[in-house]
Amino acid sequence: MLKKLLKKVYSKKPNVPEKSSTEDILRKEIQLDGNLEQTLGFFKEIYSYPDNQDFVIRNIHINGMSKKAALIYIWTITDVTLIDQHILTPLIRNNSTSSKIEDIVSIQSVDTKNVIKDILPEINKGSAALIIEGDPQAYLFSVTNFEGRGVEKSENETVVKGPKEAFTEKSSTNISLIRKKIKNENLVVESLTITERSKNDLFIIYEKDLANEKLVENVRERVNSLQVDAIQNLSLLEQHIEERKFSIFPTVLYTERPDRAASFIEDGYIVLIMDNSPACLVLPATFWSFYHSSEDHYLRFHYGNFTRLLRIIALFITLFTSAIYVGVVTYHAEMIPPDLLLAIAATRERVPFPAAIEVIIMELAFELIREAGLRVPSPIGPTIGIVGALILGQAAVQANIVSPIVVIVVALGGLSSFAVGDISMNFSIRLTRFLFLLVASLFGIYGMAALFTFGIFYLVSLKSFGVPYLAPLTPKYVSSGDTIFRRVLQYEMYRPGYVKPKDIKKK
Amino acid sequence: MTKQKSLFKMLCLLSFLLLLLSGCWDQKEVEKMAYVVAIGLDQDEEDENRVKITYLISNPEVGSLAQGGGAAGEEPPREIISFTADDFITSRNLANTVVAKEITYDLLRILVVSEDFAKNKKFLRWLYDATKEREIRRDIKILVTKEQTSSFMIDNQPLLETRPHEYFEMLFNRGKKAGMVPSSDLLTFFRITEADADLFAAAYGTAQQNDNSSGKNKDPEQAIAGELQYGGETNTVQYAGSALFKEGIMIDTLTIEETRLMFLLHPTENPVAILTNLPDPFNEEYQIATRIRPNGQVKFDMNLKKETPSIDVTVPVIIEVLTNHSGTNFAKDSEKRIKLKESFEDRITKKFEELIKKTQDEYGTEPFGWSLVARKEFLRISDWESFDWMKTYPDIEINVSTEVRLGNFGRQGEMLNIKDVRD
C-alpha cells in the first residue's frame with residue numbers, strides 16, 4: 001500500500017509548458033553529403049554559433065588536394081597546441097595531392113563518421129572534426145584535454161602506512177591508477193554512455209577471468225536500464241543503482257582509494273568509475289567492506305586486528321552508550337553500581353529535564369557542532385570548536401541544563417562514531433543511534449534489545465547485487481575469513497565465495 | 001484516493017502514539033528516589049503483630065564533587081527514620097509522610113535485625129517478605145544487633161566512609177576476608193532455612209560497649225561484638241562474631257575464634273587470611289603470631305550408612321610464622337619445625353573438636369555447611385530426608401584432623417639473640 005501511494009505521488013507530471021525538439025532530433029539524423037557550406041550550416045545551428053563562445057570553426061585550404069575544409073572543435077576541452085602542431089600545420093603545408101588524411105595528420109587516433117548524430121558526441125568529448133569539401137565523412141581526431149587537478153593524497157580515507165594517492169575527477173587518470181596496480185591483460189575497462197542528455201560515460205572495470213559473468217551482466221543491465229537525463233557523478237549514480245532506496249544501510253561502497261579498488265577487483269568484484277568523481281564504486285558491497293579500512297591489511301597482523309577491535313568497540317559504543325544511559329537511568333536503576341548511581345542521582349538533582357530529553361538535547365547539539373564544523377569556512381573553523389566545546393559542554397553543565405555525566409556519555413559516543421571511516425556507514429550508525437535512544441527512553445533495555453533483534457533481522461535480509469549483506473559471516477561462504485578480524489595474509493587463501501569468482505583460490 | 005491517504009496517515013500517527021503512550025509507564029528518574037541502604041527490623045513494643053522499621057537513607061549529594069550537584073557540603077550524608085508498620089513493604093508508603101522522595105530498595109545493602117526480634121518465632125514471616133519484593137536483591141547481608149536497630153543505626157557513625165552503602169560493603173568484605181564475621185547473605189539464609197539441616201551464621205554487631213565484662217583481661221578472640229575495648233576517636237560500632245539461626249530463629253552467638261574455626265571447617269566459604277596468635281611450644285611465656293590460610297579444599301570422608309555414622313574431616317592449612325619472641329630459629333632446624341607443626345596441629349584440632357562438640361551437644365546441628373557434602377552420599381532425596389541430618393548429627397562420630405604446612409617464617413629467618421645483646 002505504501003509503495004502504491006508513494007508511486008502515485010511521485011509519478012504525477014507537473015503541467016509546465018514544454019517545447020518540442022523533434023526538429024532538432026531530425027536534423028541530427030542527416031548524413032554528410034560532401035557539401036561543406038551546408039554541413040557547416042548544420043553545425044552552426046546545432047551549436048548556436050556564434051553565440052556559443054567556445055565553439056570554433058577553423059576554415060582551411062588543404063594545399064596539395066586543393067580542397068576547402070573546416071576543422072570543428074570546442075576549444076575549452078581540447079588541446080589547442082596539439083591541434084595547431086599536428087593537425088593544422090601538416091594540413092596547410094601539405095603538398096602531395098593524393099595522400100590520405102590519416103597519413104597527413106600526426107594524431108594518435110583518427111576515426112571517421114558520416115552521420116551528424118555520431119559526430120556530435122565526439123566533439124562534445126573534446127575531439128576535433130575535420131570536414132572536407134566533397135568528402136561525405138568527417139575525420140575525428142582525439143585531442144581531448146579536460147581541465148582537472150593532479151593526483152593528490154586521499155583526504156577522507158587516510159592511512160599512515162600504505163599508498164597515499166587518491167582518485168581524481170578525471171576518469172582516465174583513475175583508470176591509469178588502477179592499471180598501475182593490476183598489470184594484467186584480463187583487466188577489462190568497459191565504457192558505457194548511461195545518460196541521454198549529458199551523455200555521461202561510465203567505466204565498468206573488472207578482471208574478466210575472475211568476475212562472475214552474471215554479476216557483470218547484472219550490473220550492465222541495471223546501468224543500461226537507467227532512463228535519466230544526467231548523472232553527473234558516482235555519488236548520484238550510487239543512488240540510482242542501489243536496490244533499496246529507503247534503506248538506512250548503504251549497499252554500494254564508495255571509496256577514493258585506488259589501492260582498495262584494485263584489491264576488490266582482484267577479489268572478483270566490479271568497480272565503476274566516472275568522470276567528475278574523485279572515487280569509485282565497488283559492487284557488490286557487504287557490511288564488512290564498510291567496516292574495513294585498507295590500513296587493516298597494511299598493518300601487521302596484531303596491529304591491524306587491534307584497530308579492528310577498537311573499531312568494533314567504537315561502533316557499539318556509538319550505537320549504545322547514550323541509549324544505555326537513558327534506559328538504565330530511567331528504568332533499570334538497580335543495574336548501576338551504587339556509587340555511580342548516587343553520583344548520577346546527585347548530579348541530576350538540579351537538572352530540570354528528564355534523562356531522555358537531556359541526552360537528546362546534547363546529542364542534537366553534538367550533531368549541530370559536527371555539521372556546522374563541516375560547512376563552516378575554514379578561517380572560522382577554530383571558533384566553532386571553541387564555542388562548541390566551551391559553551392555547550394562546560395556552560396551547559398554549570399547552568400544545570402545537563403549533568404556532567406551526560407556530557408561524557410555524548411562525547412564518548414560522538415568521538416567513537418568517527419572510528420567508522422566510511423561516510424555512508426557512519427551516517428547509518430549515527431541515525432540508528434537516535435532510534436536506539438528513542439526506544440530506550442520509551443522502553444528501556446527491553447526496547448533496545450527488541451530494536452537490536454529487529455535490526456539484525458533487517459541486516460540479514462539485505463542484499464547488495466544478490467549478495468547477502470552479512471556474508472560471509474552469515475550465511476557462511478568460502479572466503480578469506482575477513483570479517484570482524486582478519487587472518488594472517490598467508491591464511492587468506494580464498495576469494496570471497498559470495499561474489500562467485502571464476503577462480504576461488506588465491507595463489 | 002485522498003481518503004486512503006488520510007487513513008494511512010492516521011494509521012502512522014496512531015502507531016506512533018501507541019508507542020509513545022505505552023512506553024514510559026514504569027519510568028523512574030534516579031534523582032527522584034530516596035535510596036534506602038539499610039532496613040532495621042525490631043519488634044514493636046506494644047503490638048506483637050507489628051514491626052518497627054528503621055530506614056537508613058543515603059544522601060546522593062554527599063561525597064560527590066561533580067559540578068551541577070549543588071552545594072551539598074551542608075547536608076548530612078544520611079537520614080534515619082523509625083516508625084511502626086505492618087511490614088517493610090507497605091512501610092514504603094508510610095515513610096513518605098516524612099520523606100519527600102519515593103522510597104526505593106534498589107540500593108538496599110543490609111538488613112539489620114535486633115537480637116530480641118531475631119529470637120522471636122514470628123521473625124521468619126517478616127523476613128520472608130523480602131522474597132516477594134522485586135527490588136530487594138538476594139545478595140544483601142543480614143546483621144544481628146545486640147540492641148534495638150533504631151538506636152544502633154543512630155549510634156553508627158562511621159568517620160571516614162561517609163556514604164553508608166560503601167561503609168557496609170567494605171565492612172562485610174573485609175570482615176569476611178579476616179574471618180571476623182560470616183558472609184551472612186540473605187540468599188544463604190533462605191537456602192539453609194529451607195533445607196532445614198544446617199545452622200545459618202549471621203554477622204553480629206553492636207554499638208554498645210560492654211564495660212562490665214571481663215573483656216580487658218580476656219583473650220580478644222574469645223569475645224564477640226561489644227566486648228572488645230576500643231579507645232580513641234572512632235565509631236563505637238563493632239562487628240565481630242556471629243549469630244546462629246536454627247530453623248529461622250536465633251539461638252546463640254559465636255565468638256570471633258569460633259567464627260574463624262567455622263570458616264576453616266566450611267567446604268566453600270574460605271577466609272583469605274586469618275591473623276592470630278598460637279602458643280609457642282618452646283616457651284610457654286610467649287605466643288607466636290601466625291597467618292593461617294586454607295590450603296585447598298577441606299577433605300571429607302563420610303560414612304553415613306553405618307549404625308553410628310562417622311565423618312572424617314581433614315582441614316589443610318598453611319601457617320606462616322610472623323613473630324617469634326622466643327628467638328628459636330625454626331628455619332634452620334627441621335626437628336624444631338616438626339615440633340612446631342605438631343603443636344599447631346594439636347592446638348587447632350583441639351579447638352575444632354571443642355567447637356564440634358559444642359554444636360553436637362548444644363545446637364543439635366552444625367553451621368559448617370556439611371549437610372551439602374553429606375547429601376551427595378545419598379542416591380535419592382527421600383533417602384536424605386529420612387536420614388534427617390538435624391536429628392542424626394548429634395550422634396555422628398566426627399574425627400577432625402588438621403594438616404598444617406608451614407609457610408614462611410617472616411622476612412628474616414634469624415632472630416636477635418636477646419641474651420647476647422644484654423650480656
# chains A, B, ... in the order shown; residues from 1 in each chain; ligands from 1

call {"tool": "residues_around", "arguments": {"residues": "Glu414 of chain B", "least_positions_apart": "6", "cutoff": "8 Å", "atoms": "only C-alpha atoms", "output": "ChimeraX atom specification"}}
result
/B:327,329,331

call {"tool": "write_last_selection", "arguments": {"atoms": "N, CA and C atoms", "output": "PDB file, in the first residue's frame"}}
result
ATOM      1  N   GLY B 327      62.749 -16.526  70.080  1.00  0.00           N
ATOM      2  CA  GLY B 327      64.031 -16.486  69.390  1.00  0.00           C
ATOM      3  C   GLY B 327      64.493 -17.810  68.832  1.00  0.00           C
ATOM      4  N   ASN B 329      65.220 -20.541  66.174  1.00  0.00           N
ATOM      5  CA  ASN B 329      65.393 -20.442  64.719  1.00  0.00           C
ATOM      6  C   ASN B 329      64.782 -21.669  64.050  1.00  0.00           C
ATOM      7  N   ALA B 331      63.743 -21.899  60.965  1.00  0.00           N
ATOM      8  CA  ALA B 331      64.078 -22.053  59.552  1.00  0.00           C
ATOM      9  C   ALA B 331      65.245 -22.991  59.338  1.00  0.00           C
TER      10      ALA B 331
END

call {"tool": "closest_atom_pairs", "arguments": {"of": "chain A", "to": "chain B", "cutoff": "8 Å", "atoms": "only C-alpha atoms", "output": "Markdown table"}}
result
| residue | atom | partner | partner_atom | distance |
| --- | --- | --- | --- | --- |
| A:Leu5 | CA | B:Lys5 | CA | 7.3 |
| A:Val329 | CA | B:Val30 | CA | 6.0 |
| A:Thr330 | CA | B:Lys28 | CA | 5.0 |
| A:Tyr331 | CA | B:Gln27 | CA | 5.2 |
| A:Ala333 | CA | B:Val30 | CA | 6.7 |
| A:Glu334 | CA | B:Asp106 | CA | 5.0 |
| A:Pro338 | CA | B:Leu107 | CA | 6.3 |
| A:Asp339 | CA | B:Glu166 | CA | 7.8 |
| A:Leu341 | CA | B:Val30 | CA | 7.6 |
| A:Leu342 | CA | B:Pro60 | CA | 4.6 |
| A:Ala343 | CA | B:Ser64 | CA | 6.1 |
| A:Ile344 | CA | B:Val30 | CA | 7.5 |
| A:Ala345 | CA | B:Glu31 | CA | 4.3 |
| A:Ala346 | CA | B:Glu61 | CA | 4.6 |
| A:Thr347 | CA | B:Gly69 | CA | 4.3 |
| A:Arg348 | CA | B:Glu31 | CA | 5.9 |
| A:Glu349 | CA | B:Glu31 | CA | 5.4 |
| A:Arg350 | CA | B:Gly69 | CA | 6.6 |
| A:Val351 | CA | B:Gly68 | CA | 7.8 |
| A:Pro354 | CA | B:Glu29 | CA | 7.0 |
| A:Ala355 | CA | B:Glu29 | CA | 7.4 |
| A:Val397 | CA | B:Gly68 | CA | 6.2 |
| A:Gln398 | CA | B:Gly68 | CA | 5.9 |
| A:Ala399 | CA | B:Gly68 | CA | 7.5 |
| A:Asn400 | CA | B:Gly68 | CA | 5.5 |
| A:Ser403 | CA | B:Gly68 | CA | 6.4 |
| A:Pro404 | CA | B:Gln67 | CA | 6.9 |
| A:Ser441 | CA | B:Cys24 | CA | 7.1 |
| A:Leu442 | CA | B:Gly23 | CA | 4.3 |
| A:Phe443 | CA | B:Gly23 | CA | 5.3 |

call {"tool": "select_by_dssp", "arguments": {"residues": "segment 141-217 of chain B", "states": "strand (DSSP E or B)", "output": "count of residues only"}}
result
13

call {"tool": "residues_around", "arguments": {"residues": "Leu368 of chain A", "least_positions_apart": "2", "cutoff": "12 Å", "atoms": "only C-alpha atoms", "output": "list of chain:residue names"}}
result
A:Ile361, A:Met362, A:Glu363, A:Leu364, A:Ala365, A:Phe366, A:Arg370, A:Glu371, A:Ala372, A:Gly373, A:Leu374, A:Arg375, A:Val376, A:Ile384, A:Gly385, A:Val387, A:Gly388, A:Ala389, A:Leu392, A:Gly414

call {"tool": "write_last_selection", "arguments": {"atoms": "C-alpha atoms", "output": "mmCIF file, in the first residue's frame"}}
result
data_model
loop_
_atom_site.group_PDB
_atom_site.id
_atom_site.type_symbol
_atom_site.label_atom_id
_atom_site.label_comp_id
_atom_site.auth_asym_id
_atom_site.auth_seq_id
_atom_site.Cartn_x
_atom_site.Cartn_y
_atom_site.Cartn_z
ATOM 1 C CA ILE A 361 19.493 17.878 23.716
ATOM 2 C CA MET A 362 23.191 17.061 23.965
ATOM 3 C CA GLU A 363 23.121 14.649 21.042
ATOM 4 C CA LEU A 364 21.492 17.249 18.854
ATOM 5 C CA ALA A 365 23.995 19.830 19.997
ATOM 6 C CA PHE A 366 26.814 17.465 19.116
ATOM 7 C CA ARG A 370 29.682 18.460 13.711
ATOM 8 C CA GLU A 371 27.553 19.673 10.809
ATOM 9 C CA ALA A 372 28.451 23.301 11.373
ATOM 10 C CA GLY A 373 32.104 22.393 11.666
ATOM 11 C CA LEU A 374 31.902 20.647 8.301
ATOM 12 C CA ARG A 375 30.237 23.524 6.463
ATOM 13 C CA VAL A 376 31.988 26.402 8.129
ATOM 14 C CA ILE A 384 33.201 26.821 16.168
ATOM 15 C CA GLY A 385 35.371 24.355 18.037
ATOM 16 C CA VAL A 387 32.125 27.672 21.026
ATOM 17 C CA GLY A 388 31.045 24.073 20.780
ATOM 18 C CA ALA A 389 33.327 22.653 23.407
ATOM 19 C CA LEU A 392 27.878 23.716 25.154
ATOM 20 C CA GLY A 414 30.297 11.140 19.292
#

call {"tool": "residues_around", "arguments": {"residues": "Lys505 of chain A", "least_positions_apart": "2", "cutoff": "10 Å", "atoms": "only C-alpha atoms", "output": "list in words"}}
result
Asp267, Val478, Ser479, Ser480, Glu492, Met493, Tyr494, Arg495, Pro496, Gly497, Pro501, Lys502, Asp503 and Lys507 of chain A

call {"tool": "select_by_dssp", "arguments": {"residues": "segment 186-345 of chain A", "states": "alpha helix (DSSP H)", "output": "PyMOL selection string"}}
result
chain A and resi 213-224+234-241+258-266+287-291+295-298+301-331+338-345

call {"tool": "residues_around", "arguments": {"residues": "Ala128 of chain A", "least_positions_apart": "5", "cutoff": "12 Å", "atoms": "only C-alpha atoms", "output": "ChimeraX atom specification"}}
result
/A:55-58,70-80,82-84,86-88,107,109-112,119-123,138-145

call {"tool": "residues_around", "arguments": {"residues": "Pro278 of chain A", "least_positions_apart": "6", "cutoff": "12 Å", "atoms": "only C-alpha atoms", "output": "PyMOL selection string"}}
result
chain A and resi 148-156+165-175+177+233-235+254-258+272

call {"tool": "closest_residue", "arguments": {"among": "A:Leu340, A:Thr307, A:Leu438, A:Met335", "to": "Ala356 of chain A", "atoms": "only C-alpha atoms"}}
result
A:Leu438

call {"tool": "atom_distance", "arguments": {"atom1": "atom CA of Ile357 of chain A", "atom2": "atom CA of Ile391 of chain A"}}
result
18.8 Å

call {"tool": "atom_distance", "arguments": {"atom1": "atom CA of Glu243 of chain A", "atom2": "atom CA of Ser6 of chain B"}}
result
28.4 Å

call {"tool": "residues_around", "arguments": {"residues": "Leu406 of chain B", "least_positions_apart": "4", "cutoff": "7 Å", "atoms": "only C-alpha atoms", "output": "list of chain:residue names"}}
result
B:Ile318, B:Ile319, B:Glu320, B:Lys341

call {"tool": "write_last_selection", "arguments": {"atoms": "N, CA and C atoms", "output": "compact mmCIF listing (two decimals), in the first residue's frame"}}
result
# COMPACT_ATOMS: atom_id res chain seq x y z
N ILE B 318 47.77 -23.60 55.67
CA ILE B 318 49.17 -23.14 55.64
C ILE B 318 49.31 -22.15 56.79
N ILE B 319 50.31 -22.33 57.58
CA ILE B 319 50.52 -21.38 58.68
C ILE B 319 51.86 -20.69 58.49
N GLU B 320 51.80 -19.38 58.46
CA GLU B 320 53.04 -18.61 58.37
C GLU B 320 53.35 -18.04 59.74
N LYS B 341 55.09 -27.73 64.04
CA LYS B 341 53.97 -28.14 63.20
C LYS B 341 53.01 -29.01 64.01

call {"tool": "closest_residue", "arguments": {"among": "A:Gly327, A:Gly481, A:Pro472, A:Gly162", "to": "Tyr498 of chain A", "atoms": "only C-alpha atoms"}}
result
A:Pro472
